[in-house]
$ cat entry.cif   # mmCIF, N, CA, C and O atoms
data_final
#
loop_
_atom_site.group_PDB
_atom_site.id
_atom_site.type_symbol
_atom_site.label_atom_id
_atom_site.label_comp_id
_atom_site.auth_asym_id
_atom_site.auth_seq_id
_atom_site.Cartn_x
_atom_site.Cartn_y
_atom_site.Cartn_z
ATOM 1 N N MET A 1 14.151 0.703 22.222
ATOM 2 C CA MET A 1 13.061 0.400 21.317
ATOM 3 C C MET A 1 11.957 -0.298 22.112
ATOM 4 O O MET A 1 12.170 -1.338 22.706
ATOM 5 N N GLY A 2 10.807 0.292 22.085
ATOM 6 C CA GLY A 2 9.697 -0.251 22.844
ATOM 7 C C GLY A 2 8.813 -1.143 22.002
ATOM 8 O O GLY A 2 8.997 -1.318 20.785
ATOM 9 N N LEU A 3 7.835 -1.684 22.653
ATOM 10 C CA LEU A 3 6.879 -2.557 21.984
ATOM 11 C C LEU A 3 6.074 -1.778 20.943
ATOM 12 O O LEU A 3 5.758 -2.300 19.878
ATOM 13 N N TRP A 4 5.777 -0.534 21.249
ATOM 14 C CA TRP A 4 5.013 0.302 20.320
ATOM 15 C C TRP A 4 5.781 0.520 19.022
ATOM 16 O O TRP A 4 5.212 0.443 17.937
ATOM 17 N N THR A 5 7.068 0.792 19.116
ATOM 18 C CA THR A 5 7.901 0.996 17.935
ATOM 19 C C THR A 5 7.991 -0.282 17.112
ATOM 20 O O THR A 5 7.945 -0.238 15.881
ATOM 21 N N LEU A 6 8.082 -1.403 17.772
ATOM 22 C CA LEU A 6 8.126 -2.692 17.078
ATOM 23 C C LEU A 6 6.811 -2.954 16.340
ATOM 24 O O LEU A 6 6.817 -3.390 15.178
ATOM 25 N N LEU A 7 5.679 -2.663 16.983
ATOM 26 C CA LEU A 7 4.378 -2.832 16.340
ATOM 27 C C LEU A 7 4.256 -1.925 15.118
ATOM 28 O O LEU A 7 3.815 -2.361 14.058
ATOM 29 N N GLU A 8 4.679 -0.694 15.249
ATOM 30 C CA GLU A 8 4.609 0.248 14.137
ATOM 31 C C GLU A 8 5.497 -0.206 12.974
ATOM 32 O O GLU A 8 5.099 -0.140 11.808
ATOM 33 N N GLY A 9 6.676 -0.696 13.264
ATOM 34 C CA GLY A 9 7.566 -1.201 12.220
ATOM 35 C C GLY A 9 6.984 -2.403 11.492
ATOM 36 O O GLY A 9 7.068 -2.504 10.264
ATOM 37 N N CYS A 10 6.363 -3.306 12.226
ATOM 38 C CA CYS A 10 5.736 -4.481 11.600
ATOM 39 C C CYS A 10 4.586 -4.070 10.689
ATOM 40 O O CYS A 10 4.417 -4.628 9.606
ATOM 41 N N LEU A 11 3.802 -3.097 11.121
ATOM 42 C CA LEU A 11 2.711 -2.614 10.283
ATOM 43 C C LEU A 11 3.224 -1.983 8.997
ATOM 44 O O LEU A 11 2.673 -2.210 7.911
ATOM 45 N N LEU A 12 4.279 -1.198 9.093
ATOM 46 C CA LEU A 12 4.828 -0.550 7.907
ATOM 47 C C LEU A 12 5.420 -1.570 6.935
ATOM 48 O O LEU A 12 5.246 -1.456 5.713
ATOM 49 N N ILE A 13 6.088 -2.582 7.453
ATOM 50 C CA ILE A 13 6.663 -3.621 6.591
ATOM 51 C C ILE A 13 5.557 -4.444 5.929
ATOM 52 O O ILE A 13 5.639 -4.754 4.730
ATOM 53 N N ALA A 14 4.513 -4.783 6.682
ATOM 54 C CA ALA A 14 3.397 -5.546 6.107
ATOM 55 C C ALA A 14 2.724 -4.753 4.994
ATOM 56 O O ALA A 14 2.379 -5.307 3.946
ATOM 57 N N ASN A 15 2.548 -3.466 5.185
ATOM 58 C CA ASN A 15 1.932 -2.646 4.154
ATOM 59 C C ASN A 15 2.840 -2.537 2.929
ATOM 60 O O ASN A 15 2.375 -2.590 1.792
ATOM 61 N N ALA A 16 4.136 -2.414 3.151
ATOM 62 C CA ALA A 16 5.068 -2.324 2.030
ATOM 63 C C ALA A 16 5.074 -3.610 1.200
ATOM 64 O O ALA A 16 5.106 -3.566 -0.030
ATOM 65 N N LEU A 17 5.029 -4.751 1.851
ATOM 66 C CA LEU A 17 5.009 -6.022 1.128
ATOM 67 C C LEU A 17 3.693 -6.220 0.392
ATOM 68 O O LEU A 17 3.659 -6.805 -0.688
ATOM 69 N N ALA A 18 2.610 -5.715 0.956
ATOM 70 C CA ALA A 18 1.297 -5.932 0.356
ATOM 71 C C ALA A 18 1.105 -5.161 -0.939
ATOM 72 O O ALA A 18 0.325 -5.570 -1.789
ATOM 73 N N ILE A 19 1.816 -4.062 -1.122
ATOM 74 C CA ILE A 19 1.571 -3.239 -2.307
ATOM 75 C C ILE A 19 2.550 -3.511 -3.447
ATOM 76 O O ILE A 19 2.465 -2.871 -4.488
ATOM 77 N N LEU A 20 3.471 -4.467 -3.283
ATOM 78 C CA LEU A 20 4.398 -4.782 -4.371
ATOM 79 C C LEU A 20 3.645 -5.360 -5.565
ATOM 80 O O LEU A 20 2.802 -6.240 -5.408
ATOM 81 N N ASN A 21 3.955 -4.891 -6.746
ATOM 82 C CA ASN A 21 3.312 -5.358 -7.961
ATOM 83 C C ASN A 21 4.163 -6.463 -8.589
ATOM 84 O O ASN A 21 5.347 -6.269 -8.838
ATOM 85 N N GLU A 22 3.534 -7.601 -8.876
ATOM 86 C CA GLU A 22 4.294 -8.729 -9.425
ATOM 87 C C GLU A 22 4.799 -8.451 -10.838
ATOM 88 O O GLU A 22 5.956 -8.716 -11.150
ATOM 89 N N ASP A 23 3.947 -7.912 -11.692
ATOM 90 C CA ASP A 23 4.332 -7.716 -13.087
ATOM 91 C C ASP A 23 5.411 -6.647 -13.250
ATOM 92 O O ASP A 23 6.327 -6.798 -14.054
ATOM 93 N N ARG A 24 5.296 -5.574 -12.513
ATOM 94 C CA ARG A 24 6.241 -4.463 -12.703
ATOM 95 C C ARG A 24 7.481 -4.550 -11.835
ATOM 96 O O ARG A 24 8.524 -4.014 -12.183
ATOM 97 N N PHE A 25 7.386 -5.213 -10.682
ATOM 98 C CA PHE A 25 8.525 -5.201 -9.766
ATOM 99 C C PHE A 25 9.117 -6.580 -9.507
ATOM 100 O O PHE A 25 10.322 -6.770 -9.599
ATOM 101 N N LEU A 26 8.295 -7.557 -9.164
ATOM 102 C CA LEU A 26 8.811 -8.853 -8.728
ATOM 103 C C LEU A 26 9.295 -9.736 -9.880
ATOM 104 O O LEU A 26 10.378 -10.313 -9.808
ATOM 105 N N ALA A 27 8.513 -9.869 -10.947
ATOM 106 C CA ALA A 27 8.862 -10.771 -12.050
ATOM 107 C C ALA A 27 10.162 -10.387 -12.755
ATOM 108 O O ALA A 27 10.983 -11.274 -13.041
ATOM 109 N N PRO A 28 10.414 -9.110 -13.056
ATOM 110 C CA PRO A 28 11.686 -8.782 -13.719
ATOM 111 C C PRO A 28 12.921 -9.107 -12.874
ATOM 112 O O PRO A 28 14.007 -9.291 -13.405
ATOM 113 N N ARG A 29 12.751 -9.212 -11.586
ATOM 114 C CA ARG A 29 13.882 -9.511 -10.697
ATOM 115 C C ARG A 29 13.968 -10.987 -10.324
ATOM 116 O O ARG A 29 14.790 -11.376 -9.502
ATOM 117 N N GLY A 30 13.070 -11.808 -10.883
ATOM 118 C CA GLY A 30 13.097 -13.241 -10.608
ATOM 119 C C GLY A 30 12.410 -13.627 -9.315
ATOM 120 O O GLY A 30 12.722 -14.655 -8.740
ATOM 121 N N TRP A 31 11.498 -12.807 -8.824
ATOM 122 C CA TRP A 31 10.810 -13.081 -7.570
ATOM 123 C C TRP A 31 9.325 -13.357 -7.810
ATOM 124 O O TRP A 31 8.493 -13.079 -6.957
ATOM 125 N N SER A 32 8.955 -13.920 -8.940
ATOM 126 C CA SER A 32 7.548 -14.175 -9.246
ATOM 127 C C SER A 32 7.087 -15.455 -8.555
ATOM 128 O O SER A 32 7.881 -16.224 -8.020
ATOM 129 N N PHE A 33 5.793 -15.694 -8.610
ATOM 130 C CA PHE A 33 5.227 -16.866 -7.954
ATOM 131 C C PHE A 33 5.681 -18.159 -8.632
ATOM 132 O O PHE A 33 5.742 -19.201 -7.993
ATOM 133 N N GLN A 34 6.025 -18.118 -9.916
ATOM 134 C CA GLN A 34 6.531 -19.302 -10.598
ATOM 135 C C GLN A 34 7.881 -19.741 -10.018
ATOM 136 O O GLN A 34 8.228 -20.916 -10.056
ATOM 137 N N GLU A 35 8.641 -18.805 -9.496
ATOM 138 C CA GLU A 35 9.921 -19.133 -8.861
ATOM 139 C C GLU A 35 9.717 -19.863 -7.536
ATOM 140 O O GLU A 35 10.626 -20.482 -7.015
ATOM 141 N N TYR A 36 8.510 -19.767 -6.995
ATOM 142 C CA TYR A 36 8.213 -20.304 -5.668
ATOM 143 C C TYR A 36 7.886 -21.787 -5.670
ATOM 144 O O TYR A 36 7.802 -22.406 -4.638
ATOM 145 N N SER A 37 7.705 -22.404 -6.824
ATOM 146 C CA SER A 37 7.287 -23.800 -6.886
ATOM 147 C C SER A 37 8.469 -24.747 -6.712
ATOM 148 O O SER A 37 9.622 -24.374 -6.864
ATOM 149 N N GLY A 38 8.158 -25.970 -6.405
ATOM 150 C CA GLY A 38 9.170 -27.009 -6.315
ATOM 151 C C GLY A 38 9.946 -27.000 -5.015
ATOM 152 O O GLY A 38 9.463 -26.581 -3.972
ATOM 153 N N VAL A 39 11.184 -27.487 -5.078
ATOM 154 C CA VAL A 39 12.009 -27.603 -3.881
ATOM 155 C C VAL A 39 12.599 -26.265 -3.442
ATOM 156 O O VAL A 39 13.199 -26.180 -2.386
ATOM 157 N N LYS A 40 12.418 -25.234 -4.227
ATOM 158 C CA LYS A 40 12.960 -23.922 -3.865
ATOM 159 C C LYS A 40 12.185 -23.271 -2.720
ATOM 160 O O LYS A 40 12.584 -22.245 -2.217
ATOM 161 N N ARG A 41 11.076 -23.883 -2.314
ATOM 162 C CA ARG A 41 10.274 -23.313 -1.231
ATOM 163 C C ARG A 41 11.034 -23.268 0.084
ATOM 164 O O ARG A 41 10.764 -22.435 0.928
ATOM 165 N N ASN A 42 11.955 -24.170 0.294
ATOM 166 C CA ASN A 42 12.670 -24.232 1.562
ATOM 167 C C ASN A 42 13.844 -23.273 1.624
ATOM 168 O O ASN A 42 14.416 -23.080 2.686
ATOM 169 N N SER A 43 14.199 -22.670 0.512
ATOM 170 C CA SER A 43 15.308 -21.722 0.527
ATOM 171 C C SER A 43 14.850 -20.398 1.121
ATOM 172 O O SER A 43 13.667 -20.134 1.299
ATOM 173 N N LEU A 44 15.795 -19.532 1.434
ATOM 174 C CA LEU A 44 15.473 -18.222 1.997
ATOM 175 C C LEU A 44 14.653 -17.397 1.013
ATOM 176 O O LEU A 44 13.659 -16.767 1.384
ATOM 177 N N LYS A 45 15.040 -17.441 -0.251
ATOM 178 C CA LYS A 45 14.303 -16.708 -1.281
ATOM 179 C C LYS A 45 12.874 -17.223 -1.391
ATOM 180 O O LYS A 45 11.932 -16.440 -1.504
ATOM 181 N N GLY A 46 12.693 -18.523 -1.344
ATOM 182 C CA GLY A 46 11.363 -19.110 -1.411
ATOM 183 C C GLY A 46 10.502 -18.707 -0.224
ATOM 184 O O GLY A 46 9.305 -18.439 -0.370
ATOM 185 N N GLN A 47 11.097 -18.650 0.956
ATOM 186 C CA GLN A 47 10.358 -18.235 2.140
ATOM 187 C C GLN A 47 9.946 -16.767 2.055
ATOM 188 O O GLN A 47 8.832 -16.395 2.424
ATOM 189 N N ILE A 48 10.823 -15.911 1.545
ATOM 190 C CA ILE A 48 10.502 -14.488 1.393
ATOM 191 C C ILE A 48 9.383 -14.299 0.374
ATOM 192 O O ILE A 48 8.453 -13.520 0.591
ATOM 193 N N ILE A 49 9.456 -15.042 -0.748
ATOM 194 C CA ILE A 49 8.393 -14.960 -1.757
ATOM 195 C C ILE A 49 7.069 -15.425 -1.149
ATOM 196 O O ILE A 49 6.016 -14.833 -1.398
ATOM 197 N N GLY A 50 7.101 -16.454 -0.333
ATOM 198 C CA GLY A 50 5.892 -16.926 0.330
ATOM 199 C C GLY A 50 5.281 -15.878 1.252
ATOM 200 O O GLY A 50 4.066 -15.699 1.280
ATOM 201 N N VAL A 51 6.119 -15.162 1.990
ATOM 202 C CA VAL A 51 5.620 -14.101 2.869
ATOM 203 C C VAL A 51 5.013 -12.968 2.050
ATOM 204 O O VAL A 51 3.954 -12.425 2.397
ATOM 205 N N ILE A 52 5.668 -12.608 0.949
ATOM 206 C CA ILE A 52 5.139 -11.539 0.083
ATOM 207 C C ILE A 52 3.764 -11.923 -0.447
ATOM 208 O O ILE A 52 2.820 -11.126 -0.409
ATOM 209 N N TYR A 53 3.619 -13.147 -0.930
ATOM 210 C CA TYR A 53 2.337 -13.562 -1.488
ATOM 211 C C TYR A 53 1.279 -13.743 -0.412
ATOM 212 O O TYR A 53 0.100 -13.531 -0.659
ATOM 213 N N ALA A 54 1.675 -14.117 0.803
ATOM 214 C CA ALA A 54 0.701 -14.216 1.892
ATOM 215 C C ALA A 54 0.147 -12.842 2.259
ATOM 216 O O ALA A 54 -1.060 -12.692 2.473
ATOM 217 N N THR A 55 1.004 -11.835 2.314
ATOM 218 C CA THR A 55 0.518 -10.487 2.632
ATOM 219 C C THR A 55 -0.336 -9.935 1.503
ATOM 220 O O THR A 55 -1.326 -9.248 1.758
ATOM 221 N N GLN A 56 0.019 -10.242 0.262
ATOM 222 C CA GLN A 56 -0.797 -9.784 -0.857
ATOM 223 C C GLN A 56 -2.149 -10.482 -0.866
ATOM 224 O O GLN A 56 -3.168 -9.869 -1.194
ATOM 225 N N TYR A 57 -2.197 -11.743 -0.491
ATOM 226 C CA TYR A 57 -3.456 -12.479 -0.426
ATOM 227 C C TYR A 57 -4.383 -11.865 0.632
ATOM 228 O O TYR A 57 -5.568 -11.669 0.398
ATOM 229 N N LEU A 58 -3.826 -11.566 1.793
ATOM 230 C CA LEU A 58 -4.632 -10.962 2.846
ATOM 231 C C LEU A 58 -5.126 -9.582 2.443
ATOM 232 O O LEU A 58 -6.230 -9.177 2.806
ATOM 233 N N ARG A 59 -4.311 -8.853 1.707
ATOM 234 C CA ARG A 59 -4.718 -7.524 1.260
ATOM 235 C C ARG A 59 -5.922 -7.631 0.332
ATOM 236 O O ARG A 59 -6.861 -6.857 0.410
ATOM 237 N N ARG A 60 -5.900 -8.601 -0.565
ATOM 238 C CA ARG A 60 -6.985 -8.750 -1.538
ATOM 239 C C ARG A 60 -8.258 -9.298 -0.899
ATOM 240 O O ARG A 60 -9.362 -8.864 -1.212
ATOM 241 N N LYS A 61 -8.122 -10.274 -0.017
ATOM 242 C CA LYS A 61 -9.287 -10.959 0.534
ATOM 243 C C LYS A 61 -9.954 -10.190 1.669
ATOM 244 O O LYS A 61 -11.158 -10.172 1.769
ATOM 245 N N ALA A 62 -9.187 -9.583 2.529
ATOM 246 C CA ALA A 62 -9.773 -8.994 3.730
ATOM 247 C C ALA A 62 -9.713 -7.471 3.741
ATOM 248 O O ALA A 62 -10.000 -6.866 4.757
ATOM 249 N N GLY A 63 -9.350 -6.872 2.628
ATOM 250 C CA GLY A 63 -9.196 -5.421 2.655
ATOM 251 C C GLY A 63 -8.029 -5.032 3.544
ATOM 252 O O GLY A 63 -8.043 -3.993 4.189
ATOM 253 N N GLY A 64 -7.032 -5.883 3.599
ATOM 254 C CA GLY A 64 -5.904 -5.709 4.511
ATOM 255 C C GLY A 64 -5.111 -4.448 4.289
ATOM 256 O O GLY A 64 -4.546 -3.894 5.227
ATOM 257 N N SER A 65 -5.054 -3.962 3.058
ATOM 258 C CA SER A 65 -4.300 -2.740 2.798
ATOM 259 C C SER A 65 -4.951 -1.568 3.518
ATOM 260 O O SER A 65 -4.273 -0.765 4.145
ATOM 261 N N LEU A 66 -6.253 -1.497 3.456
ATOM 262 C CA LEU A 66 -6.964 -0.432 4.154
ATOM 263 C C LEU A 66 -6.793 -0.567 5.655
ATOM 264 O O LEU A 66 -6.592 0.426 6.356
ATOM 265 N N ILE A 67 -6.844 -1.789 6.139
ATOM 266 C CA ILE A 67 -6.661 -2.026 7.572
ATOM 267 C C ILE A 67 -5.256 -1.618 7.999
ATOM 268 O O ILE A 67 -5.079 -0.981 9.036
ATOM 269 N N CYS A 68 -4.242 -1.975 7.202
ATOM 270 C CA CYS A 68 -2.867 -1.592 7.524
ATOM 271 C C CYS A 68 -2.702 -0.078 7.532
ATOM 272 O O CYS A 68 -2.051 0.470 8.416
ATOM 273 N N ILE A 69 -3.288 0.588 6.563
ATOM 274 C CA ILE A 69 -3.189 2.046 6.502
ATOM 275 C C ILE A 69 -3.876 2.669 7.712
ATOM 276 O O ILE A 69 -3.346 3.590 8.343
ATOM 277 N N MET A 70 -5.046 2.162 8.065
ATOM 278 C CA MET A 70 -5.761 2.709 9.216
ATOM 279 C C MET A 70 -5.006 2.460 10.517
ATOM 280 O O MET A 70 -4.906 3.345 11.361
ATOM 281 N N LEU A 71 -4.443 1.252 10.675
ATOM 282 C CA LEU A 71 -3.685 0.957 11.890
ATOM 283 C C LEU A 71 -2.416 1.794 11.975
ATOM 284 O O LEU A 71 -2.045 2.263 13.049
ATOM 285 N N THR A 72 -1.752 1.993 10.837
ATOM 286 C CA THR A 72 -0.551 2.820 10.825
ATOM 287 C C THR A 72 -0.903 4.266 11.175
ATOM 288 O O THR A 72 -0.202 4.906 11.955
ATOM 289 N N GLY A 73 -1.985 4.767 10.607
ATOM 290 C CA GLY A 73 -2.431 6.118 10.947
ATOM 291 C C GLY A 73 -2.789 6.240 12.414
ATOM 292 O O GLY A 73 -2.449 7.236 13.072
ATOM 293 N N LEU A 74 -3.455 5.228 12.961
ATOM 294 C CA LEU A 74 -3.810 5.231 14.369
ATOM 295 C C LEU A 74 -2.567 5.236 15.251
ATOM 296 O O LEU A 74 -2.517 5.957 16.255
ATOM 297 N N THR A 75 -1.564 4.443 14.883
ATOM 298 C CA THR A 75 -0.332 4.444 15.679
ATOM 299 C C THR A 75 0.353 5.798 15.622
ATOM 300 O O THR A 75 0.924 6.248 16.623
ATOM 301 N N ARG A 76 0.310 6.463 14.464
ATOM 302 C CA ARG A 76 0.897 7.813 14.352
ATOM 303 C C ARG A 76 0.159 8.815 15.238
ATOM 304 O O ARG A 76 0.775 9.660 15.875
ATOM 305 N N ILE A 77 -1.168 8.726 15.260
ATOM 306 C CA ILE A 77 -1.964 9.654 16.073
ATOM 307 C C ILE A 77 -1.691 9.429 17.551
ATOM 308 O O ILE A 77 -1.479 10.371 18.322
ATOM 309 N N ILE A 78 -1.666 8.179 17.976
ATOM 310 C CA ILE A 78 -1.401 7.872 19.382
ATOM 311 C C ILE A 78 0.019 8.272 19.754
ATOM 312 O O ILE A 78 0.275 8.743 20.866
ATOM 313 N N GLU A 79 0.956 8.080 18.843
ATOM 314 C CA GLU A 79 2.353 8.418 19.108
ATOM 315 C C GLU A 79 2.519 9.917 19.359
ATOM 316 O O GLU A 79 3.324 10.339 20.177
ATOM 317 N N LYS A 80 1.764 10.731 18.652
ATOM 318 C CA LYS A 80 1.877 12.195 18.772
ATOM 319 C C LYS A 80 1.279 12.715 20.075
ATOM 320 O O LYS A 80 1.605 13.782 20.514
ATOM 321 N N THR A 81 0.367 11.938 20.694
ATOM 322 C CA THR A 81 -0.258 12.418 21.924
ATOM 323 C C THR A 81 0.542 12.081 23.143
ATOM 324 O O THR A 81 1.436 11.355 23.182
#

$ encode --input "entry.cif" --output "structure tokens"
Amino acid sequence: MGLWTLLEGCLLIANALAILNEDRFLAPRGWSFQEYSGVKRNSLKGQIIGVIYATQYLRRKAGGSLICIMLTGLTRIIEKT
């Protein structure tokens, strides 16, 4: 596994986390932002929820979803050459 494969995997995971919908997917499973408050932040579940919300924040503020899609497409194009 090379550095390129690792970069591509990180991009795909970041894009997958950024598109999760809280109302339809996260809240029914107990992974909503309300679960993230209090002392539960230090648990593994709290840390994962924090990462999910950080990627969603970047997607909304910086157009990160488009950037992730473009970078993933670029890695696919370079990989094929």

$ resolve_selection --input "entry.cif" --expression "the PyMOL selection byres ((chain A and resi 11-16) around 8)" --output "list in words"
Trp4, Thr5, Leu6, Leu7, Glu8, Gly9, Cys10, Leu17, Ala18, Ile19, Leu20, Asn21, Val51, Ile52, Thr55, Gln56, Arg59, Gly64, Ser65, Ile67, Cys68, Ile69, Leu71 and Thr72 of chain A

$ atom_distance --input "entry.cif" --atom1 "atom CA of A:Gly50" --atom2 "atom N of A:Leu66"
19.9 Å

$ atom_distance --input "entry.cif" --atom1 "atom N of A:Ile48" --atom2 "atom N of A:Gly30"
13.3 Å

$ atom_distance --input "entry.cif" --atom1 "atom CA of A:Glu22" --atom2 "atom CA of A:Met70"
24.1 Å
